[in-house]
Structure formats: structure tokens, C-alpha cells
Amino acid sequence: MGRGDLTNSQWARLERLLPTGIKPGRPQVWTRRQLIDGIRWRTRTGAPWRDVPERYGPWDRVYDLFRRWQRDGTWARILTRLQAEADAKGLITWEVNVDSTVCRAHQHAAGAAKKGTSRRNRPAGSSSSRPTTVSDAPGVG
């Protein structure tokens, strides 16, 4: 068992929430626990899928399980059930805190028109970035 792998008690709680296999036949070479530990390793470290250690199974099997369960909503169902259990035991407090220590304007907000510098107030001889009349266009003369 690796440092970040599921403990036996964590696995016991999680195992009963997992979907049952549909296909009968050959037994799996890699256990679900190994594959899930591989998924957890990858999400914890942020490493590429190809770098998942071999003890968790082939990286493509780990990725395949992650993507299948992501697409069919299995991860969302597991999270919802675990949250419901924790909430029933009073282990979760549902408080919302908003941290606004960093609040930045969008990059396009910096170019707003300023007071007193409208186009109408420009001197007659000033050139603008784009022609406003046919006579201002280049080559007209």
C-alpha cells in the first residue's frame, strides 16, 4: 500500500458504493482498488496519465476506468452518497464563505472612455486611427 492509497476502512466504505460489474467472464487482472488508487494518485500529483506507477495497473486501464465513470456519472453519484452519509452523521457544516481579497476587473474594462475626452472635443486637425469621412481616407486627394 502506497502513502496516499486508500486504507482498509476507507475502501470498505467506498466499495459498497461502486457499480457492480455487468460482464461475466474472466476475472480482472487488476483490482478496482488498485485502479482507483491509481486514479487518486494521478489526480493528487497532477502527473500525466502515462506516468501512473505500474503497481496501480497499466495507465490506459486506469484512465479508461476514470473516463467511463466520468461520462456515466458514477463519480458524481459516489460523491453525492458520501456527502449524504457525512451530512446525516453531522460531519458536514454547509456554510458558504466568500473570499474577495483578490477582485480584479476584466482586461477589457481598462479601456473605458474617460470624462471629457470624447471624439467631439478633439481639435479639428487631429488625426484619428480610422477615417471618419471619405476625404480622410488615404489616397484620396
# chains A, B, ... in the order shown; residues from 1 in each chain; ligands from 1
>>> residues_around(residues="A:Gly57", least_positions_apart="2", cutoff="7 Å", atoms="only C-alpha atoms", output="PyMOL selection string")
chain A and resi 30+34-35+54-55+59+61-62
>>> select_by_dssp(residues="stretch 25-95 of chain A", states="helix (DSSP H, G or I)", output="MDAnalysis selection string")
chainID A and resid 32:45 49:51 54:56 59:72 74:88
>>> closest_residue(among="A:Asn8, A:Gly2, A:Asp60, A:Leu17", to="A:Ala76", atoms="only C-alpha atoms")
A:Leu17
>>> closest_residue(among="A:Ile36, A:Ala47, A:Ile78, A:Val102", to="A:Pro19", atoms="only C-alpha atoms")
A:Ile78
>>> residues_around(residues="A:Thr74", least_positions_apart="5", cutoff="9 Å", atoms="only C-alpha atoms", output="PyMOL selection string")
chain A and resi 18-19+68-69+79
>>> write_last_selection(atoms="N, CA and C atoms", output="short mmCIF file (atom, residue, chain, number, x, y, z; two decimals), in the first residue's frame")
data_model
loop_
_atom_site.label_atom_id
_atom_site.label_comp_id
_atom_site.auth_asym_id
_atom_site.auth_seq_id
_atom_site.Cartn_x
_atom_site.Cartn_y
_atom_site.Cartn_z
N LEU A 18 -19.69 1.42 -5.20
CA LEU A 18 -19.24 1.24 -6.58
C LEU A 18 -20.26 0.44 -7.38
N PRO A 19 -20.36 0.71 -8.68
CA PRO A 19 -21.29 -0.07 -9.50
C PRO A 19 -20.80 -1.51 -9.63
N ARG A 68 -14.68 6.35 -18.18
CA ARG A 68 -16.00 5.70 -18.25
C ARG A 68 -16.88 6.18 -17.11
N TRP A 69 -16.34 6.22 -15.91
CA TRP A 69 -17.13 6.64 -14.76
C TRP A 69 -17.41 8.13 -14.78
N LEU A 79 -19.84 10.70 -4.93
CA LEU A 79 -19.65 11.91 -4.13
C LEU A 79 -20.95 12.30 -3.41
#
>>> atom_distance(atom1="atom CA of A:Asp72", atom2="atom CA of A:Arg32")
16.9 Å
>>> atom_distance(atom1="atom CA of A:Gln28", atom2="atom CA of A:Thr80")
27.4 Å
>>> atom_distance(atom1="atom CA of A:Trp11", atom2="atom CA of A:Arg33")
7.5 Å
